[in-house]
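structure_17.tsv follows; it contains TSV, C-alpha atoms and all ligand atoms.
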chain	number	residue	atom	x	y	z
W	1	MET	CA	0.42	-31.98	3.88
W	2	SER	CA	2.45	-29.49	5.90
W	3	LYS	CA	0.62	-27.03	8.09
W	4	ILE	CA	1.03	-23.27	7.72
W	5	ALA	CA	1.73	-20.70	10.44
W	6	LEU	CA	1.75	-16.94	9.98
W	7	ILE	CA	3.90	-15.09	12.52
W	8	THR	CA	4.02	-11.33	12.98
W	9	GLY	CA	7.17	-9.87	14.52
W	10	ALA	CA	9.30	-12.75	13.29
W	11	THR	CA	12.60	-10.83	13.14
W	12	SER	CA	13.42	-10.96	16.84
W	13	GLY	CA	12.74	-12.45	20.25
W	14	ILE	CA	9.59	-14.51	20.78
W	15	GLY	CA	8.47	-14.34	17.13
W	16	GLU	CA	11.82	-15.55	15.83
W	17	ALA	CA	12.05	-18.35	18.43
W	18	SER	CA	8.50	-19.45	17.53
W	19	ALA	CA	9.42	-19.48	13.84
W	20	ILE	CA	12.41	-21.73	14.54
W	21	LEU	CA	10.37	-24.08	16.71
W	22	LEU	CA	7.54	-24.36	14.18
W	23	ALA	CA	10.06	-24.91	11.37
W	24	GLN	CA	11.50	-27.79	13.42
W	25	GLN	CA	7.95	-29.15	13.50
W	26	LYS	CA	7.83	-28.85	9.68
W	27	TYR	CA	5.34	-26.00	9.49
W	28	ASN	CA	5.58	-23.83	6.38
W	29	LEU	CA	5.81	-20.23	7.51
W	30	VAL	CA	4.65	-16.76	6.54
W	31	LEU	CA	7.13	-14.46	8.27
W	32	ILE	CA	6.17	-10.83	8.84
W	33	ALA	CA	7.99	-7.78	10.24
W	34	ARG	CA	9.40	-4.45	9.08
W	35	ARG	CA	13.11	-5.39	8.79
W	36	THR	CA	13.45	-7.06	5.39
W	37	GLU	CA	17.08	-8.17	5.73
W	38	ARG	CA	16.44	-10.01	8.97
W	39	LEU	CA	13.32	-11.62	7.50
W	40	GLU	CA	15.30	-12.86	4.49
W	41	GLN	CA	18.14	-14.21	6.65
W	42	LEU	CA	15.71	-16.09	8.88
W	43	SER	CA	13.78	-17.41	5.90
W	44	GLN	CA	16.95	-18.73	4.22
W	45	ARG	CA	18.11	-20.34	7.45
W	46	LEU	CA	14.79	-22.09	8.07
W	47	LYS	CA	14.54	-23.34	4.48
W	48	THR	CA	18.10	-24.68	4.54
W	49	GLU	CA	18.08	-26.19	8.03
W	50	TYR	CA	14.55	-27.60	8.14
W	51	GLY	CA	13.54	-27.98	4.48
W	52	ILE	CA	10.34	-25.99	4.91
W	53	GLU	CA	8.77	-23.41	2.58
W	54	THR	CA	8.45	-19.78	3.58
W	55	GLN	CA	6.97	-16.49	2.46
W	56	THR	CA	8.35	-13.24	3.82
W	57	ILE	CA	6.32	-10.06	3.96
W	58	THR	CA	7.91	-6.76	4.88
W	59	LEU	CA	5.01	-5.09	6.60
W	60	ASP	CA	4.28	-2.51	9.24
W	61	VAL	CA	1.16	-3.89	10.93
W	62	ARG	CA	0.05	-0.32	11.73
W	63	ASN	CA	-0.74	0.28	8.06
W	64	ASN	CA	-4.19	-1.22	7.53
W	65	GLU	CA	-4.15	-0.74	3.75
W	66	ASP	CA	-0.78	-2.52	3.48
W	67	VAL	CA	-1.92	-5.29	5.81
W	68	GLN	CA	-4.95	-6.01	3.63
W	69	GLN	CA	-3.15	-5.61	0.34
W	70	LYS	CA	0.00	-7.59	1.19
W	71	LEU	CA	-1.81	-10.43	2.95
W	72	GLU	CA	-4.47	-10.77	0.26
W	73	ALA	CA	-1.67	-10.83	-2.36
W	74	LEU	CA	-0.50	-14.20	-1.03
W	75	TRP	CA	-1.21	-17.20	-3.24
W	76	GLU	CA	-4.45	-18.99	-2.25
W	77	ASN	CA	-2.59	-22.05	-0.93
W	78	TRP	CA	-0.74	-19.81	1.57
W	79	LYS	CA	-4.05	-18.49	2.91
W	80	ALA	CA	-4.82	-21.90	4.40
W	81	VAL	CA	-3.24	-20.66	7.63
W	82	ASP	CA	-3.54	-23.18	10.49
W	83	VAL	CA	-1.87	-21.05	13.16
W	84	LEU	CA	-1.71	-17.26	13.44
W	85	ILE	CA	0.78	-15.98	16.00
W	86	ASN	CA	-0.10	-12.35	16.74
W	87	ASN	CA	3.24	-11.44	18.25
W	88	ALA	CA	4.36	-8.08	16.76
W	89	GLY	CA	4.32	-5.60	19.59
W	90	LEU	CA	6.40	-3.21	21.61
W	91	SER	CA	6.68	-0.85	24.49
W	92	GLN	CA	8.07	2.67	24.24
W	93	GLY	CA	8.95	4.67	27.31
W	94	LEU	CA	8.32	4.16	31.01
W	95	ASP	CA	7.00	7.47	32.29
W	96	PRO	CA	4.22	8.58	34.62
W	97	ILE	CA	0.99	9.50	32.87
W	98	ASP	CA	1.49	13.26	33.23
W	99	LYS	CA	4.93	13.07	31.60
W	100	GLY	CA	4.19	10.47	28.91
W	101	ASN	CA	5.26	11.05	25.32
W	102	THR	CA	2.09	11.02	23.22
W	103	ASP	CA	4.00	9.87	20.13
W	104	ASP	CA	5.09	6.79	22.12
W	105	TRP	CA	1.48	6.23	23.15
W	106	ASP	CA	0.38	6.36	19.51
W	107	VAL	CA	3.04	3.84	18.44
W	108	MET	CA	2.05	1.37	21.19
W	109	ILE	CA	-1.69	1.69	20.59
W	110	ASP	CA	-1.30	1.58	16.81
W	111	THR	CA	0.95	-1.51	16.91
W	112	ASN	CA	-0.25	-3.56	19.87
W	113	VAL	CA	-3.98	-2.94	19.43
W	114	LYS	CA	-4.82	-1.62	15.98
W	115	GLY	CA	-2.15	-3.53	14.02
W	116	PHE	CA	-2.99	-6.69	15.94
W	117	LEU	CA	-6.66	-6.20	14.94
W	118	TYR	CA	-5.90	-5.45	11.28
W	119	VAL	CA	-3.94	-8.72	10.87
W	120	THR	CA	-6.51	-10.69	12.85
W	121	LYS	CA	-9.39	-9.47	10.70
W	122	VAL	CA	-7.82	-10.70	7.46
W	123	VAL	CA	-6.47	-14.02	8.73
W	124	SER	CA	-9.50	-14.94	10.86
W	125	ALA	CA	-11.69	-14.47	7.75
W	126	TRP	CA	-9.53	-17.10	5.96
W	127	MET	CA	-9.93	-19.39	8.97
W	128	VAL	CA	-13.71	-18.88	9.05
W	129	ARG	CA	-13.83	-19.87	5.37
W	130	ARG	CA	-12.09	-23.16	6.24
W	131	GLN	CA	-13.91	-23.60	9.58
W	132	GLN	CA	-10.62	-24.29	11.34
W	133	GLY	CA	-7.60	-22.54	12.74
W	134	HIS	CA	-5.80	-21.44	15.88
W	135	ILE	CA	-4.99	-17.86	16.87
W	136	VAL	CA	-2.27	-17.30	19.45
W	137	ASN	CA	-2.12	-13.78	20.88
W	138	LEU	CA	0.90	-12.40	22.73
W	139	GLY	CA	-0.51	-10.60	25.74
W	140	SER	CA	1.57	-10.01	28.85
W	141	ILE	CA	1.41	-10.03	32.62
W	142	ALA	CA	1.16	-6.28	31.94
W	143	GLY	CA	-2.31	-7.08	30.60
W	144	LYS	CA	-3.30	-8.72	33.87
W	145	GLU	CA	-1.95	-6.17	36.31
W	146	THR	CA	-0.80	-2.57	35.88
W	147	TYR	CA	2.55	-1.41	37.25
W	148	LEU	CA	4.20	1.92	37.99
W	149	ASN	CA	4.67	3.94	34.77
W	150	GLY	CA	3.43	1.02	32.67
W	151	ASN	CA	0.16	2.90	31.98
W	152	VAL	CA	-0.33	2.88	28.19
W	153	TYR	CA	1.69	-0.28	27.46
W	154	CYS	CA	-0.35	-2.09	30.13
W	155	ALA	CA	-3.58	-0.71	28.61
W	156	THR	CA	-2.65	-2.12	25.20
W	157	LYS	CA	-2.03	-5.54	26.73
W	158	TYR	CA	-5.31	-5.35	28.69
W	159	ALA	CA	-6.86	-4.76	25.26
W	160	VAL	CA	-5.18	-7.92	23.94
W	161	ASP	CA	-6.57	-9.81	26.95
W	162	SER	CA	-10.08	-8.50	26.29
W	163	LEU	CA	-9.87	-9.09	22.55
W	164	SER	CA	-8.64	-12.66	23.08
W	165	GLN	CA	-11.78	-13.32	25.10
W	166	ALA	CA	-13.91	-11.58	22.47
W	167	MET	CA	-12.35	-13.58	19.62
W	168	ARG	CA	-12.96	-16.81	21.48
W	169	ILE	CA	-16.67	-15.96	21.64
W	170	ASP	CA	-17.03	-14.63	18.08
W	171	LEU	CA	-15.09	-17.48	16.50
W	172	LEU	CA	-16.66	-20.24	18.59
W	173	PRO	CA	-19.20	-21.24	15.89
W	174	HIS	CA	-16.29	-21.70	13.45
W	175	ARG	CA	-14.24	-24.08	15.60
W	176	ILE	CA	-11.33	-21.63	15.75
W	177	LYS	CA	-9.17	-21.83	18.83
W	178	VAL	CA	-7.87	-18.70	20.56
W	179	THR	CA	-5.00	-18.81	23.04
W	180	ALA	CA	-3.55	-15.88	24.97
W	181	ILE	CA	0.07	-16.25	26.06
W	182	ASN	CA	1.01	-13.81	28.83
W	183	PRO	CA	4.71	-13.72	29.65
W	184	GLY	CA	6.52	-11.91	32.42
W	185	ALA	CA	10.11	-10.79	31.93
W	186	VAL	CA	11.61	-12.30	28.77
W	187	GLU	CA	15.06	-11.15	27.70
W	188	THR	CA	14.69	-10.09	24.06
W	189	GLU	CA	15.08	-6.77	22.26
W	190	PHE	CA	11.93	-5.63	24.11
W	191	SER	CA	13.70	-3.42	26.68
W	192	GLU	CA	16.15	-1.99	24.14
W	193	VAL	CA	13.12	-0.90	22.11
W	194	ARG	CA	11.36	0.41	25.22
W	195	PHE	CA	14.40	2.50	26.14
W	196	LYS	CA	15.10	3.52	22.53
W	197	GLY	CA	18.48	1.85	22.13
W	198	ASP	CA	19.82	2.53	25.65
W	199	GLU	CA	21.50	-0.87	26.06
W	200	GLU	CA	22.77	-0.21	29.59
W	201	ARG	CA	19.29	0.61	30.87
W	202	ALA	CA	17.83	-2.34	28.99
W	203	LYS	CA	20.38	-4.74	30.51
W	204	LYS	CA	19.51	-3.58	34.03
W	205	VAL	CA	15.94	-4.87	33.60
W	206	TYR	CA	17.30	-8.44	33.62
W	207	GLU	CA	20.04	-8.05	36.24
W	208	GLY	CA	20.14	-10.14	39.44
W	209	TYR	CA	17.81	-12.93	38.32
W	210	GLU	CA	17.35	-15.34	35.46
W	211	PRO	CA	14.73	-14.00	33.06
W	212	LEU	CA	12.72	-16.14	30.67
W	213	THR	CA	14.12	-16.72	27.20
W	214	ALA	CA	12.23	-16.34	23.95
W	215	GLN	CA	12.60	-20.12	23.62
W	216	ASP	CA	10.67	-20.62	26.89
W	217	ILE	CA	7.72	-18.73	25.39
W	218	ALA	CA	8.00	-20.53	22.05
W	219	ASP	CA	7.77	-23.80	24.03
W	220	ALA	CA	4.56	-22.58	25.70
W	221	ILE	CA	3.13	-21.58	22.33
W	222	TRP	CA	4.02	-25.00	20.95
W	223	TYR	CA	2.33	-26.69	23.91
W	224	ALA	CA	-0.91	-24.81	23.11
W	225	VAL	CA	-0.63	-25.40	19.36
W	226	SER	CA	0.12	-29.11	19.65
W	227	ARG	CA	-2.91	-30.07	21.82
W	228	PRO	CA	-5.51	-32.43	20.32
W	229	LEU	CA	-8.26	-30.81	18.22
W	230	ASN	CA	-10.82	-30.87	21.05
W	231	VAL	CA	-8.56	-29.06	23.54
W	232	ASN	CA	-8.10	-25.30	23.67
W	233	ILE	CA	-5.61	-23.66	26.00
W	234	ASN	CA	-7.37	-20.36	26.71
W	235	ASP	CA	-4.82	-18.45	28.71
W	236	MET	CA	-1.31	-18.96	30.03
W	237	VAL	CA	0.66	-16.70	32.40
W	238	ILE	CA	4.37	-17.51	32.48
W	239	THR	CA	7.00	-15.81	34.63
W	240	PRO	CA	10.57	-16.51	35.65
W	241	ILE	CA	10.79	-18.23	39.03
W	242	ALA	CA	12.09	-14.93	40.45
W	243	GLN	CA	8.95	-13.01	39.42
W	244	ALA	CA	5.67	-13.22	41.37
W	245	ASN	CA	3.86	-10.52	39.40
W	246	THR	CA	4.59	-7.22	37.63
W	247	SER	CA	6.04	-5.56	40.72
W	248	HIS	CA	7.54	-8.36	42.85
W	249	LEU	CA	10.85	-9.49	41.42
W	250	LEU	CA	13.49	-11.14	43.59
W	251	ARG	CA	16.93	-9.92	42.55
W	252	LYS	CA	20.21	-11.08	44.05
W	253	SER	CA	22.04	-8.00	45.23
I	1	LIG	P1	11.27	-7.94	20.34
I	1	LIG	O1	11.48	-6.47	20.36
I	1	LIG	O2	12.45	-8.83	20.46
I	1	LIG	O3	10.43	-8.35	19.05
I	1	LIG	C1	9.33	-7.59	18.61
I	1	LIG	C2	8.97	-7.98	17.19
I	1	LIG	O4	7.84	-7.20	16.77
I	1	LIG	C3	10.09	-7.70	16.20
I	1	LIG	O5	10.19	-8.78	15.32
I	1	LIG	C4	9.62	-6.46	15.47
I	1	LIG	O6	10.11	-6.52	14.13
I	1	LIG	C5	8.11	-6.65	15.50
I	1	LIG	N1	7.37	-5.41	15.32
I	1	LIG	C6	7.35	-4.33	16.14
I	1	LIG	N2	6.59	-3.36	15.61
I	1	LIG	C7	6.11	-3.84	14.44
I	1	LIG	C8	5.27	-3.30	13.42
I	1	LIG	N3	4.77	-2.06	13.52
I	1	LIG	N4	4.98	-4.06	12.35
I	1	LIG	C9	5.48	-5.30	12.24
I	1	LIG	N5	6.27	-5.87	13.16
I	1	LIG	C10	6.59	-5.13	14.24
I	1	LIG	O7	10.26	-8.22	21.55
I	1	LIG	P2	9.60	-9.58	22.12
I	1	LIG	O8	9.94	-10.74	21.30
I	1	LIG	O9	9.89	-9.62	23.56
I	1	LIG	O10	8.06	-9.19	21.97
I	1	LIG	C11	7.12	-9.96	21.24
I	1	LIG	C12	5.75	-9.77	21.87
I	1	LIG	O11	5.76	-10.28	23.18
I	1	LIG	C13	5.28	-8.32	21.98
I	1	LIG	O12	3.92	-8.26	21.65
I	1	LIG	C14	5.51	-7.97	23.44
I	1	LIG	O13	4.64	-6.98	23.89
I	1	LIG	C15	5.21	-9.32	24.07
I	1	LIG	N6	5.77	-9.52	25.41
I	1	LIG	C16	7.12	-9.41	25.62
I	1	LIG	C17	7.62	-9.60	26.91
I	1	LIG	C18	9.06	-9.43	27.24
I	1	LIG	O14	9.39	-9.31	28.45
I	1	LIG	N7	9.99	-9.42	26.28
I	1	LIG	C19	6.74	-9.98	28.02
I	1	LIG	C20	5.34	-10.05	27.67
I	1	LIG	C21	4.89	-9.86	26.40
I	1	LIG	P3	10.58	-5.28	13.23
I	1	LIG	O15	11.23	-4.29	14.13
I	1	LIG	O16	11.50	-5.92	12.24
I	1	LIG	O17	9.31	-4.80	12.60
I	2	LIG	C1	6.47	-7.20	28.98
I	2	LIG	C2	6.57	-7.53	30.43
I	2	LIG	O1	6.44	-6.55	32.77
I	2	LIG	O2	7.99	-5.52	31.19
I	2	LIG	O3	5.14	-7.25	28.57
I	2	LIG	O4	5.64	-5.18	30.99
I	2	LIG	S1	6.66	-6.12	31.37

Could the structure of this file be written out as structure tokens, please?
Ligand code: NDP
Ligand code: 8X3
Amino acid sequence: MSKIALITGATSGIGEASAILLAQQKYNLVLIARRTERLEQLSQRLKTEYGIETQTITLDVRNNEDVQQKLEALWENWKAVDVLINNAGLSQGLDPIDKGNTDDWDVMIDTNVKGFLYVTKVVSAWMVRRQQGHIVNLGSIAGKETYLNGNVYCATKYAVDSLSQAMRIDLLPHRIKVTAINPGAVETEFSEVRFKGDEERAKKVYEGYEPLTAQDIADAIWYAVSRPLNVNINDMVITPIAQANTSHLLRKS
């Protein structure tokens, strides 16, 4: 029987690349994000190219009521989720703490921490029922080390780091694996979102070196997911060769 993975933030970047990779591995997929058209296009593509089954859920993970209602509305057979990829997340703004936009702070905290928790609560309960499952959380090197003006985004990813450790403890009696994947610079829509559509500024983030691709991170996720049952990959930090940490990046001038 095919396995099932539920991926949040499947319409772009790391989530989309993970969906494609898991479809290649014949996983049936529950694809979640806010942009319905993109979800439908991806779903059609994966069904046609890889012959898998999919469910799409247009969902803003910040809305706890919707998260509960829309996830619980899935047919029972779709609740046998083997792999949850908690990937939906974003950064908004890059300002010092005294000049930060509090609306941006709310969006980051509500999405990266609260939304991440809302989805985890529902899906981990399904996993506990079956006494099996694997949760993969998208943290960041920003959750290992703070950088200039990263303040609130970094704090949300520190929260993901802490909650990954907490989940590993709480879910230990239920044989549920928890993996935290912590990438450095990956060229996706991340910087365009951070800079609110300013493509020029977003492009500059990746200039002068070769950033990671979403596929590189999907490969790392697949490595963790495809280990034997007795092996759990707890934590991975992955950077481009040009990046030592959040503030040391070697760019060609
Ligand atoms: P993208 O912007 O390319 O993708 C983000 C995804 O999250 C989109 O599919 C978006 O879909 C979804 N999303 C955002 N907000 C919500 C929401 N409220 N509800 C549901 N879905 C939402 O960025 P990445 O692929 O780079 O980012 C994926 C994860 O990886 C994030 O958690 C990010 O913090 C993390 N990360 C990224 C790094 C990078 O350098 N790119 C490095 C380290 C970690 P939609 O807009 O359709 O809802
Ligand atoms: C994304 C990586 O360094 O831009 O989490 O914060 S960074």

Open item on the list: Excluding Arg175 in chain W and its own-chain neighbours fewer than 2 positions away, which residues fall within 7 Å of it when counting only C-alpha atoms? Please give them as a list in words.
Closed with: Gln131, Gln132, Leu171, Leu172, Pro173 and Lys177 of chain W

Taking only residues of chain W that have an atom at most 6 Å from an atom of ligand LIG 2 (chain I), what is each one's shortest atom pair and its distance in Å to one decimal, using all atoms listed in the file, in chain and number order, as CSV?
residue,atom,partner,partner_atom,distance
W:Ser140,CA,I:LIG2,O3,4.5
W:Ala142,CA,I:LIG2,O4,4.7
W:Gly184,CA,I:LIG2,C2,4.8
W:Ala185,CA,I:LIG2,C2,5.0
W:Thr246,CA,I:LIG2,O1,5.2

At a cut-off of 6 Å and counting only C-alpha atoms and all ligand atoms, what residues surround ligand LIG 1 (chain I)? Please answer as a PDB file with C-alpha atoms, in the coordinates of the input.
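The result, written out as out_26.pdb:
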ATOM      1  CA  THR W   8       4.020 -11.330  12.980  1.00  0.00           C
ATOM      2  CA  GLY W   9       7.170  -9.870  14.520  1.00  0.00           C
ATOM      3  CA  ALA W  10       9.300 -12.750  13.290  1.00  0.00           C
ATOM      4  CA  THR W  11      12.600 -10.830  13.140  1.00  0.00           C
ATOM      5  CA  SER W  12      13.420 -10.960  16.840  1.00  0.00           C
ATOM      6  CA  GLY W  13      12.740 -12.450  20.250  1.00  0.00           C
ATOM      7  CA  ILE W  14       9.590 -14.510  20.780  1.00  0.00           C
ATOM      8  CA  GLY W  15       8.470 -14.340  17.130  1.00  0.00           C
ATOM      9  CA  ALA W  33       7.990  -7.780  10.240  1.00  0.00           C
ATOM     10  CA  ARG W  34       9.400  -4.450   9.080  1.00  0.00           C
ATOM     11  CA  ARG W  35      13.110  -5.390   8.790  1.00  0.00           C
ATOM     12  CA  LEU W  59       5.010  -5.090   6.600  1.00  0.00           C
ATOM     13  CA  ASP W  60       4.280  -2.510   9.240  1.00  0.00           C
ATOM     14  CA  VAL W  61       1.160  -3.890  10.930  1.00  0.00           C
ATOM     15  CA  ARG W  62       0.050  -0.320  11.730  1.00  0.00           C
ATOM     16  CA  ASN W  87       3.240 -11.440  18.250  1.00  0.00           C
ATOM     17  CA  ALA W  88       4.360  -8.080  16.760  1.00  0.00           C
ATOM     18  CA  GLY W  89       4.320  -5.600  19.590  1.00  0.00           C
ATOM     19  CA  LEU W  90       6.400  -3.210  21.610  1.00  0.00           C
ATOM     20  CA  THR W 111       0.950  -1.510  16.910  1.00  0.00           C
ATOM     21  CA  LEU W 138       0.900 -12.400  22.730  1.00  0.00           C
ATOM     22  CA  GLY W 139      -0.510 -10.600  25.740  1.00  0.00           C
ATOM     23  CA  SER W 140       1.570 -10.010  28.850  1.00  0.00           C
ATOM     24  CA  ASN W 182       1.010 -13.810  28.830  1.00  0.00           C
ATOM     25  CA  PRO W 183       4.710 -13.720  29.650  1.00  0.00           C
ATOM     26  CA  GLY W 184       6.520 -11.910  32.420  1.00  0.00           C
ATOM     27  CA  ALA W 185      10.110 -10.790  31.930  1.00  0.00           C
ATOM     28  CA  VAL W 186      11.610 -12.300  28.770  1.00  0.00           C
ATOM     29  CA  GLU W 187      15.060 -11.150  27.700  1.00  0.00           C
ATOM     30  CA  THR W 188      14.690 -10.090  24.060  1.00  0.00           C
ATOM     31  CA  GLU W 189      15.080  -6.770  22.260  1.00  0.00           C
ATOM     32  CA  PHE W 190      11.930  -5.630  24.110  1.00  0.00           C
TER      33      PHE W 190
END

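Minimum atom-to-atom distances from W:Arg227, W:Thr156, W:Asn77, W:Ile238 to Asp110 in chain W were compared using all atoms listed in the file, and the lowest value belongs to W:Thr156.
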
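Restricting the calculation to all atoms listed in the file, the smallest distance between Ile135 in chain W and any of W:Gln92, W:Glu49, W:Leu39, W:Ala5 is found for W:Ala5.
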